[in-house]
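Below is work_39.csv, which holds CSV, C-alpha atoms and all ligand atoms.
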chain,number,residue,atom,x,y,z
A,1,MET,CA,13.2,-15.8,-14.7
A,2,ILE,CA,11.3,-16.2,-11.4
A,3,HIS,CA,13.4,-16.7,-8.3
A,4,ILE,CA,12.0,-18.3,-5.1
A,5,LEU,CA,13.1,-16.7,-1.9
A,6,ASP,CA,12.7,-18.8,1.3
A,7,LEU,CA,11.6,-16.5,4.1
A,8,HIS,CA,12.4,-19.2,6.6
A,9,ASP,CA,9.4,-18.7,8.8
A,10,ARG,CA,10.2,-21.0,11.9
A,11,ALA,CA,11.4,-23.6,9.4
A,12,PRO,CA,12.6,-23.7,5.8
A,13,ARG,CA,10.0,-24.1,3.0
A,14,VAL,CA,7.1,-22.5,4.9
A,15,ILE,CA,6.6,-19.1,3.2
A,16,ALA,CA,8.0,-17.9,-0.2
A,17,SER,CA,8.4,-14.6,-2.0
A,18,PHE,CA,9.0,-14.5,-5.7
A,19,VAL,CA,11.2,-12.2,-7.7
A,20,LEU,CA,10.6,-11.8,-11.5
A,21,GLU,CA,13.6,-10.3,-13.2
A,22,THR,CA,12.7,-8.0,-16.1
A,23,LYS,CA,14.6,-5.6,-18.3
A,24,ALA,CA,12.8,-2.9,-16.4
A,25,GLY,CA,13.9,-4.1,-13.0
A,26,PRO,CA,12.8,-6.7,-10.5
A,27,VAL,CA,9.2,-7.3,-9.6
A,28,LEU,CA,8.3,-8.8,-6.2
A,29,PHE,CA,5.3,-11.2,-5.7
A,30,GLU,CA,4.3,-11.7,-2.0
A,31,THR,CA,6.2,-9.9,0.7
A,32,GLY,CA,5.8,-12.5,3.5
A,33,PRO,CA,5.1,-11.3,7.1
A,34,GLU,CA,6.8,-8.2,8.5
A,35,SER,CA,8.5,-10.5,11.1
A,36,ARG,CA,10.6,-12.0,8.2
A,37,PHE,CA,11.3,-8.7,6.4
A,38,SER,CA,15.1,-8.8,7.1
A,39,VAL,CA,15.2,-12.3,5.5
A,40,LEU,CA,13.4,-10.9,2.5
A,41,LEU,CA,16.0,-8.1,2.3
A,42,ASP,CA,18.8,-10.6,2.5
A,43,GLY,CA,17.2,-12.6,-0.3
A,44,LEU,CA,16.9,-9.6,-2.5
A,45,ASN,CA,20.5,-8.6,-1.7
A,46,ALA,CA,21.7,-12.1,-2.7
A,47,LEU,CA,20.1,-11.5,-6.1
A,48,GLY,CA,22.0,-8.2,-6.3
A,49,TYR,CA,19.1,-5.9,-5.4
A,50,ALA,CA,18.3,-3.4,-2.7
A,51,ALA,CA,14.7,-3.1,-1.5
A,52,SER,CA,14.6,0.3,-3.2
A,53,ASP,CA,15.2,-1.4,-6.6
A,54,ILE,CA,11.7,-3.0,-6.3
A,55,ARG,CA,9.2,-0.6,-7.8
A,56,HIS,CA,6.3,-3.1,-8.2
A,57,VAL,CA,5.0,-5.5,-5.5
A,58,PHE,CA,2.0,-7.8,-6.3
A,59,VAL,CA,0.2,-9.6,-3.5
A,60,THR,CA,-2.2,-12.5,-4.1
A,61,HIS,CA,-4.2,-11.5,-1.0
A,62,ILE,CA,-3.7,-9.5,2.2
A,63,HIS,CA,-3.3,-12.3,4.8
A,64,LEU,CA,-0.3,-11.5,6.9
A,65,ASP,CA,1.9,-14.3,5.6
A,66,HIS,CA,1.5,-12.9,2.1
A,67,ALA,CA,1.3,-9.1,2.5
A,68,GLY,CA,2.4,-8.3,6.1
A,69,ALA,CA,5.5,-6.6,4.9
A,70,ALA,CA,3.9,-4.6,2.0
A,71,TRP,CA,4.1,-1.4,4.1
A,72,ARG,CA,7.8,-1.9,4.5
A,73,MET,CA,8.3,-2.2,0.7
A,74,ALA,CA,6.0,0.9,0.3
A,75,GLU,CA,8.3,2.8,2.7
A,76,ARG,CA,11.1,2.1,0.3
A,77,GLY,CA,9.1,3.4,-2.7
A,78,ALA,CA,7.3,0.4,-4.1
A,79,THR,CA,3.7,0.4,-5.5
A,80,ILE,CA,1.6,-2.4,-4.0
A,81,TYR,CA,-0.8,-4.1,-6.5
A,82,VAL,CA,-3.8,-5.6,-4.7
A,83,HIS,CA,-7.4,-6.7,-5.1
A,84,PRO,CA,-10.1,-4.0,-4.6
A,85,ARG,CA,-11.4,-5.7,-1.5
A,86,GLY,CA,-7.9,-6.1,-0.1
A,87,ALA,CA,-6.8,-2.5,-0.7
A,88,PRO,CA,-8.6,-0.9,2.2
A,89,HIS,CA,-6.9,-3.3,4.6
A,90,LEU,CA,-3.4,-2.2,3.4
A,91,ILE,CA,-4.3,1.5,3.7
A,92,ASP,CA,-5.9,1.0,7.2
A,93,PRO,CA,-4.7,-2.4,8.6
A,94,SER,CA,-6.3,-1.9,12.1
A,95,LYS,CA,-9.4,-4.2,11.4
A,96,LEU,CA,-7.2,-6.9,9.8
A,97,TRP,CA,-4.8,-6.8,12.8
A,98,ALA,CA,-7.7,-6.9,15.3
A,99,SER,CA,-9.2,-10.0,13.6
A,100,ALA,CA,-5.7,-11.7,13.4
A,101,THR,CA,-5.2,-10.8,17.1
A,102,ARG,CA,-8.4,-12.6,18.0
A,103,ILE,CA,-7.0,-15.7,16.3
A,104,TYR,CA,-3.3,-15.5,17.4
A,105,GLY,CA,-3.5,-13.6,20.7
A,106,GLU,CA,-0.1,-13.2,22.4
A,107,GLN,CA,1.7,-14.9,19.5
A,108,MET,CA,0.8,-12.0,17.2
A,109,GLU,CA,4.1,-10.1,17.2
A,110,ALA,CA,6.4,-13.1,17.3
A,111,LEU,CA,4.5,-14.5,14.2
A,112,TRP,CA,3.7,-11.5,12.2
A,113,GLY,CA,5.9,-8.6,13.4
A,114,ARG,CA,4.7,-5.1,13.3
A,115,MET,CA,1.7,-3.4,11.8
A,116,GLY,CA,2.1,-0.5,9.3
A,117,TYR,CA,0.0,1.1,6.6
A,118,VAL,CA,0.6,1.6,2.9
A,119,PRO,CA,-0.1,5.2,1.8
A,120,GLU,CA,-3.1,5.3,-0.5
A,121,GLU,CA,-1.2,6.8,-3.4
A,122,GLN,CA,1.1,3.7,-3.4
A,123,VAL,CA,-1.8,1.3,-3.7
A,124,GLU,CA,-2.8,0.2,-7.2
A,125,ILE,CA,-6.1,-1.6,-7.3
A,126,ILE,CA,-6.1,-4.4,-9.8
A,127,GLU,CA,-9.2,-6.0,-11.5
A,128,ASP,CA,-9.8,-9.5,-12.8
A,129,GLY,CA,-8.1,-10.0,-16.2
A,130,GLU,CA,-6.1,-6.8,-16.0
A,131,VAL,CA,-2.7,-7.0,-17.6
A,132,PHE,CA,0.4,-5.1,-16.5
A,133,ARG,CA,3.5,-4.9,-18.7
A,134,VAL,CA,6.8,-4.6,-16.9
A,135,GLY,CA,9.8,-4.7,-19.2
A,136,GLU,CA,9.4,-7.7,-21.6
A,137,PHE,CA,6.8,-9.4,-19.4
A,138,GLU,CA,3.0,-9.3,-19.2
A,139,ILE,CA,1.5,-10.0,-15.8
A,140,LYS,CA,-2.1,-11.0,-15.9
A,141,ALA,CA,-4.3,-10.8,-12.8
A,142,LEU,CA,-6.9,-13.5,-12.3
A,143,GLU,CA,-9.5,-13.2,-9.7
A,144,THR,CA,-9.5,-16.5,-7.9
A,145,PRO,CA,-11.7,-16.5,-4.8
A,146,GLY,CA,-12.3,-19.5,-2.5
A,147,HIS,CA,-9.4,-19.3,0.0
A,148,ALA,CA,-10.3,-15.6,0.4
A,149,TYR,CA,-12.9,-13.4,-1.4
A,150,HIS,CA,-10.1,-11.0,-2.4
A,151,HIS,CA,-7.6,-13.3,-4.0
A,152,HIS,CA,-5.7,-13.0,-7.3
A,153,ALA,CA,-3.4,-15.4,-9.1
A,154,PHE,CA,-0.9,-14.0,-11.5
A,155,LEU,CA,-0.2,-15.5,-14.9
A,156,ILE,CA,3.2,-14.7,-16.5
A,157,GLY,CA,3.6,-16.5,-19.8
A,158,ASP,CA,2.9,-20.1,-18.9
A,159,ALA,CA,3.8,-19.8,-15.2
A,160,LEU,CA,1.1,-19.1,-12.6
A,161,ILE,CA,1.8,-17.5,-9.2
A,162,GLY,CA,-1.1,-19.2,-7.4
A,163,GLY,CA,-1.0,-17.7,-3.8
A,164,ASP,CA,-3.2,-19.9,-1.6
A,165,VAL,CA,-5.9,-20.9,-4.1
A,166,THR,CA,-3.5,-23.5,-5.6
A,167,GLY,CA,-2.9,-25.0,-2.2
A,168,VAL,CA,0.0,-25.9,0.1
A,169,LYS,CA,2.6,-28.4,-1.1
A,170,ILE,CA,6.0,-28.7,0.6
A,171,GLY,CA,8.8,-30.7,-1.1
A,172,ARG,CA,7.7,-34.3,-1.8
A,173,GLY,CA,4.5,-34.0,0.3
A,174,PRO,CA,0.9,-33.9,-1.0
A,175,VAL,CA,-1.1,-30.8,-1.8
A,176,LEU,CA,-3.4,-29.6,1.0
A,177,PRO,CA,-5.9,-26.8,1.0
A,178,PRO,CA,-5.4,-24.0,3.5
A,179,CYS,CA,-8.8,-23.2,5.0
A,180,PRO,CA,-8.5,-20.4,7.5
A,181,PRO,CA,-11.6,-18.3,8.6
A,182,PRO,CA,-13.4,-16.2,7.7
A,183,GLU,CA,-13.8,-16.4,3.9
A,184,ILE,CA,-13.4,-20.0,2.9
A,185,HIS,CA,-16.0,-20.9,0.3
A,186,ILE,CA,-15.8,-24.3,-1.3
A,187,GLU,CA,-17.9,-23.7,-4.4
A,188,THR,CA,-16.1,-20.6,-5.5
A,189,TRP,CA,-12.7,-22.3,-4.7
A,190,LEU,CA,-13.7,-25.1,-7.1
A,191,GLN,CA,-14.6,-22.6,-9.7
A,192,SER,CA,-11.2,-20.9,-9.3
A,193,ILE,CA,-9.5,-24.2,-9.8
A,194,ALA,CA,-11.5,-24.8,-12.9
A,195,LYS,CA,-10.6,-21.3,-14.2
A,196,ILE,CA,-6.9,-22.0,-13.6
A,197,ARG,CA,-7.2,-25.4,-15.4
A,198,THR,CA,-8.6,-23.7,-18.6
A,199,LEU,CA,-5.4,-21.5,-18.7
A,200,ASN,CA,-3.3,-24.7,-18.7
A,201,PRO,CA,-0.2,-23.2,-17.0
A,202,ARG,CA,2.9,-25.3,-17.3
A,203,LYS,CA,4.3,-24.3,-13.9
A,204,LEU,CA,2.7,-23.3,-10.6
A,205,TYR,CA,4.5,-21.2,-8.0
A,206,LEU,CA,3.2,-21.8,-4.5
A,207,THR,CA,3.7,-19.4,-1.6
A,208,HIS,CA,3.7,-22.5,0.6
A,209,PHE,CA,6.1,-23.6,-0.9
A,210,GLY,CA,8.1,-23.4,-4.1
A,211,GLN,CA,7.0,-24.7,-7.5
A,212,THR,CA,5.5,-27.7,-9.3
A,213,GLU,CA,5.3,-28.6,-13.0
A,214,ASP,CA,2.9,-31.4,-12.5
A,215,VAL,CA,0.0,-29.0,-12.8
A,216,ALA,CA,-2.9,-31.1,-13.8
A,217,ALA,CA,-2.3,-33.8,-11.2
A,218,HIS,CA,-1.7,-31.1,-8.6
A,219,LEU,CA,-5.0,-29.3,-9.3
A,220,SER,CA,-7.0,-32.6,-9.3
A,221,ALA,CA,-5.4,-33.6,-6.0
A,222,LEU,CA,-6.2,-30.2,-4.5
A,223,GLU,CA,-9.8,-30.4,-5.6
A,224,ALA,CA,-10.2,-33.9,-4.1
A,225,LYS,CA,-8.6,-32.9,-0.8
A,226,LEU,CA,-10.7,-29.8,-0.5
A,227,LEU,CA,-13.9,-31.8,-0.8
A,228,GLU,CA,-12.5,-34.5,1.5
A,229,TRP,CA,-11.7,-32.0,4.2
A,230,ALA,CA,-15.0,-30.2,3.9
A,231,ASP,CA,-16.9,-33.5,4.2
A,232,TRP,CA,-14.8,-34.6,7.2
A,233,ILE,CA,-15.8,-31.4,9.1
A,234,LYS,CA,-19.4,-31.7,7.9
A,235,GLN,CA,-19.7,-35.2,9.3
A,236,LYS,CA,-18.2,-34.2,12.7
A,237,LEU,CA,-20.6,-31.2,12.9
A,238,LYS,CA,-23.5,-33.5,12.2
A,239,ALA,CA,-22.3,-35.8,14.9
A,240,GLY,CA,-22.3,-32.8,17.3
A,241,GLN,CA,-18.6,-32.8,18.0
A,242,THR,CA,-17.1,-29.9,20.0
A,243,ARG,CA,-14.4,-27.7,18.4
A,244,GLU,CA,-11.8,-29.1,20.8
A,245,GLN,CA,-12.6,-32.7,19.8
A,246,MET,CA,-12.5,-31.8,16.1
A,247,VAL,CA,-9.2,-29.9,16.4
A,248,LEU,CA,-7.5,-32.9,18.1
A,249,GLU,CA,-8.9,-35.4,15.6
A,250,PHE,CA,-8.3,-33.3,12.6
A,251,GLU,CA,-4.7,-32.6,13.5
A,252,ALA,CA,-4.1,-36.4,13.9
A,253,TYR,CA,-5.9,-37.1,10.7
A,254,VAL,CA,-3.8,-34.6,8.7
A,255,ALA,CA,-0.6,-35.8,10.3
A,256,ALA,CA,-1.5,-39.4,9.5
A,257,THR,CA,-2.0,-38.4,5.8
A,258,LEU,CA,1.4,-36.8,5.7
A,259,ARG,CA,3.1,-39.7,7.5
A,260,ALA,CA,1.4,-42.1,5.1
A,261,ALA,CA,3.0,-40.1,2.2
A,262,GLY,CA,6.4,-40.9,3.8
A,263,LEU,CA,7.1,-37.5,5.4
A,264,SER,CA,9.3,-37.1,8.4
A,265,GLU,CA,8.2,-35.4,11.6
A,266,GLU,CA,10.1,-32.3,10.6
A,267,GLU,CA,8.2,-32.2,7.3
A,268,VAL,CA,4.9,-32.7,9.1
A,269,GLN,CA,5.8,-29.7,11.2
A,270,GLU,CA,6.5,-27.6,8.1
A,271,TYR,CA,3.0,-28.3,6.9
A,272,GLU,CA,1.6,-27.4,10.3
A,273,PHE,CA,3.5,-24.0,10.2
A,274,ALA,CA,2.3,-23.2,6.7
A,275,ASP,CA,-1.2,-24.5,7.1
A,276,PRO,CA,-2.2,-25.0,10.7
A,277,SER,CA,-4.9,-27.8,11.1
A,278,TRP,CA,-6.8,-26.0,13.9
A,279,MET,CA,-7.2,-23.0,11.5
A,280,SER,CA,-8.7,-25.1,8.8
A,281,VAL,CA,-11.1,-26.6,11.4
A,282,ASP,CA,-12.3,-23.1,12.3
A,283,GLY,CA,-12.5,-22.0,8.6
A,284,LEU,CA,-14.5,-25.1,7.5
A,285,VAL,CA,-16.8,-25.0,10.6
A,286,ARG,CA,-17.6,-21.4,9.7
A,287,TYR,CA,-18.1,-22.3,6.1
A,288,TRP,CA,-20.8,-24.9,6.9
A,289,ASN,CA,-22.5,-22.9,9.6
A,290,LYS,CA,-22.6,-19.8,7.5
A,291,HIS,CA,-23.4,-21.1,4.0
A,292,HIS,CA,-25.1,-24.5,4.6
A,293,PRO,CA,-26.4,-24.5,8.2
A,294,GLU,CA,-29.2,-27.0,7.3
A,295,GLU,CA,-26.7,-29.6,6.2
A,296,VAL,CA,-24.8,-29.7,9.5
A,297,MET,CA,-27.6,-29.7,12.0
A,298,SER,CA,-26.9,-32.4,14.6
B,301,ZN,ZN,-0.9,-18.3,3.1
What is this file in structure tokens?
Ligand SMILES: [Zn+2]
Amino acid sequence: MIHILDLHDRAPRVIASFVLETKAGPVLFETGPESRFSVLLDGLNALGYAASDIRHVFVTHIHLDHAGAAWRMAERGATIYVHPRGAPHLIDPSKLWASATRIYGEQMEALWGRMGYVPEEQVEIIEDGEVFRVGEFEIKALETPGHAYHHHAFLIGDALIGGDVTGVKIGRGPVLPPCPPPEIHIETWLQSIAKIRTLNPRKLYLTHFGQTEDVAAHLSALEAKLLEWADWIKQKLKAGQTREQMVLEFEAYVAATLRAAGLSEEEVQEYEFADPSWMSVDGLVRYWNKHHPEEVMS
């Protein structure tokens, strides 16, 4: 049984954590940001658990909306399972915080809370394909880069905890690809989607937000939208647009897509919280300039 906890980050349905109940105790997937830690504790309490009952915490990657409260769980005794390239940033988060501060500036604390480190002996590095048995369940780690170099999805039976590589989909809205800098890589993201497809999971759990059982259609729509967004940015770069112009137009373009799908202004706002348009502009601009500069010369 996998429970979805809503961390209520500025709105409902923006960031989730997941609790897998096993005969050997609960396992937590994704901690959310430190700023929402008290809400995570409330969610655990509502299921009948204290934070100290959680011995195992798996994070898909170390972005602050997914693993920002990992150190808080470690303080209460949990082991944090993380990608080899993510582990150094849990043990010494100063670089990660410096780079997030460059992006978020003064909003840093309000959005993400406080910085803390996970003691090295409580970090368990996980490799692609590695299987962890907890109680009656096997948790298989799948390296799934594209959104970030250091990203895992976790397969539990026929359910997949997809992190950000399986996209953002809120309620009845469409699936969108979160494309923040600095590690977006379209080709490897497409390979990760193909890898997930071959596993044929019946259910996807999305950090942003919840779950979907329409897996094949979801993955195809994600793939199409990723290519569409990448091409949109490519055309604007070729036309010599400034970042400011691109951000304005891209925000309007994404909001129009969501409104056309029948979403209310509140729902459009939930998407903007979970997957800010300006951030995807920056991520995709960086992708083109770094990996295919010859294709975007204006
Ligand atoms: Zn995220």
List as a count of residues only the residues having at least one atom at most 12 Å from position (-2.1, -31.8, -9.0) as given in the file, counting all atoms listed in the file. 31
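Of the residues under consideration (A:Pro293, A:Pro26, A:Gly105, A:Pro178), A:Pro178 shows the shortest atom-to-atom contact distance to ligand ZN 301 (chain B) when counting only C-alpha atoms and all ligand atoms.
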Name the residues, using the chain letters and numbers of the file, that sit within 12 Å of (6.8, -24.9, 1.1) when counting all atoms listed in the file, and give them as a PDB file with C-alpha atoms, in the frame of the given file.
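Dumped everything to selection38.pdb:
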ATOM      1  CA  ILE A   4      12.000 -18.300  -5.100  1.00  0.00           C
ATOM      2  CA  LEU A   5      13.100 -16.700  -1.900  1.00  0.00           C
ATOM      3  CA  ASP A   6      12.700 -18.800   1.300  1.00  0.00           C
ATOM      4  CA  LEU A   7      11.600 -16.500   4.100  1.00  0.00           C
ATOM      5  CA  HIS A   8      12.400 -19.200   6.600  1.00  0.00           C
ATOM      6  CA  ASP A   9       9.400 -18.700   8.800  1.00  0.00           C
ATOM      7  CA  ARG A  10      10.200 -21.000  11.900  1.00  0.00           C
ATOM      8  CA  ALA A  11      11.400 -23.600   9.400  1.00  0.00           C
ATOM      9  CA  PRO A  12      12.600 -23.700   5.800  1.00  0.00           C
ATOM     10  CA  ARG A  13      10.000 -24.100   3.000  1.00  0.00           C
ATOM     11  CA  VAL A  14       7.100 -22.500   4.900  1.00  0.00           C
ATOM     12  CA  ILE A  15       6.600 -19.100   3.200  1.00  0.00           C
ATOM     13  CA  ALA A  16       8.000 -17.900  -0.200  1.00  0.00           C
ATOM     14  CA  SER A  17       8.400 -14.600  -2.000  1.00  0.00           C
ATOM     15  CA  GLY A 163      -1.000 -17.700  -3.800  1.00  0.00           C
ATOM     16  CA  ASP A 164      -3.200 -19.900  -1.600  1.00  0.00           C
ATOM     17  CA  GLY A 167      -2.900 -25.000  -2.200  1.00  0.00           C
ATOM     18  CA  VAL A 168       0.000 -25.900   0.100  1.00  0.00           C
ATOM     19  CA  LYS A 169       2.600 -28.400  -1.100  1.00  0.00           C
ATOM     20  CA  ILE A 170       6.000 -28.700   0.600  1.00  0.00           C
ATOM     21  CA  GLY A 171       8.800 -30.700  -1.100  1.00  0.00           C
ATOM     22  CA  ARG A 172       7.700 -34.300  -1.800  1.00  0.00           C
ATOM     23  CA  GLY A 173       4.500 -34.000   0.300  1.00  0.00           C
ATOM     24  CA  PRO A 174       0.900 -33.900  -1.000  1.00  0.00           C
ATOM     25  CA  VAL A 175      -1.100 -30.800  -1.800  1.00  0.00           C
ATOM     26  CA  LEU A 176      -3.400 -29.600   1.000  1.00  0.00           C
ATOM     27  CA  TYR A 205       4.500 -21.200  -8.000  1.00  0.00           C
ATOM     28  CA  LEU A 206       3.200 -21.800  -4.500  1.00  0.00           C
ATOM     29  CA  THR A 207       3.700 -19.400  -1.600  1.00  0.00           C
ATOM     30  CA  HIS A 208       3.700 -22.500   0.600  1.00  0.00           C
ATOM     31  CA  PHE A 209       6.100 -23.600  -0.900  1.00  0.00           C
ATOM     32  CA  GLY A 210       8.100 -23.400  -4.100  1.00  0.00           C
ATOM     33  CA  GLN A 211       7.000 -24.700  -7.500  1.00  0.00           C
ATOM     34  CA  THR A 212       5.500 -27.700  -9.300  1.00  0.00           C
ATOM     35  CA  GLU A 267       8.200 -32.200   7.300  1.00  0.00           C
ATOM     36  CA  VAL A 268       4.900 -32.700   9.100  1.00  0.00           C
ATOM     37  CA  GLN A 269       5.800 -29.700  11.200  1.00  0.00           C
ATOM     38  CA  GLU A 270       6.500 -27.600   8.100  1.00  0.00           C
ATOM     39  CA  TYR A 271       3.000 -28.300   6.900  1.00  0.00           C
ATOM     40  CA  GLU A 272       1.600 -27.400  10.300  1.00  0.00           C
ATOM     41  CA  PHE A 273       3.500 -24.000  10.200  1.00  0.00           C
ATOM     42  CA  ALA A 274       2.300 -23.200   6.700  1.00  0.00           C
ATOM     43  CA  ASP A 275      -1.200 -24.500   7.100  1.00  0.00           C
TER      44      ASP A 275
END
Report, in Å with one decimal, the straight-line distance from CA of Ser35 in chain A to CA of Tyr117 in chain A.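 CA of Tyr117 in chain A lies at a distance of 15.1 Å from CA of Ser35 in chain A.
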All residues 9 Å or closer to His56 in chain A, all atoms listed in the file, same chain fewer than 5 positions away omitted, as an MDAnalysis selection string: chainID A and resid 26:29 77:81 134
Kindly indicate which residue among A:His61, A:His147, A:Lys236, A:Arg286 lies nearest to Ile186 in chain A, using only C-alpha atoms for the distances.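 Residue with the minimum atom-to-atom distance to Ile186 in chain A: A:His147.
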Distance query Gly135 in chain A at most 12 Å, all atoms listed in the file, self and fewer than 3 positions along chain excluded, as number ranges by chain: A: 20-27, 56, 132, 138-139
Could you work out how far CA of Met246 in chain A lies from CA of Cys179 in chain A, giving the answer in Å with one decimal?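 A separation of 14.5 Å between them.
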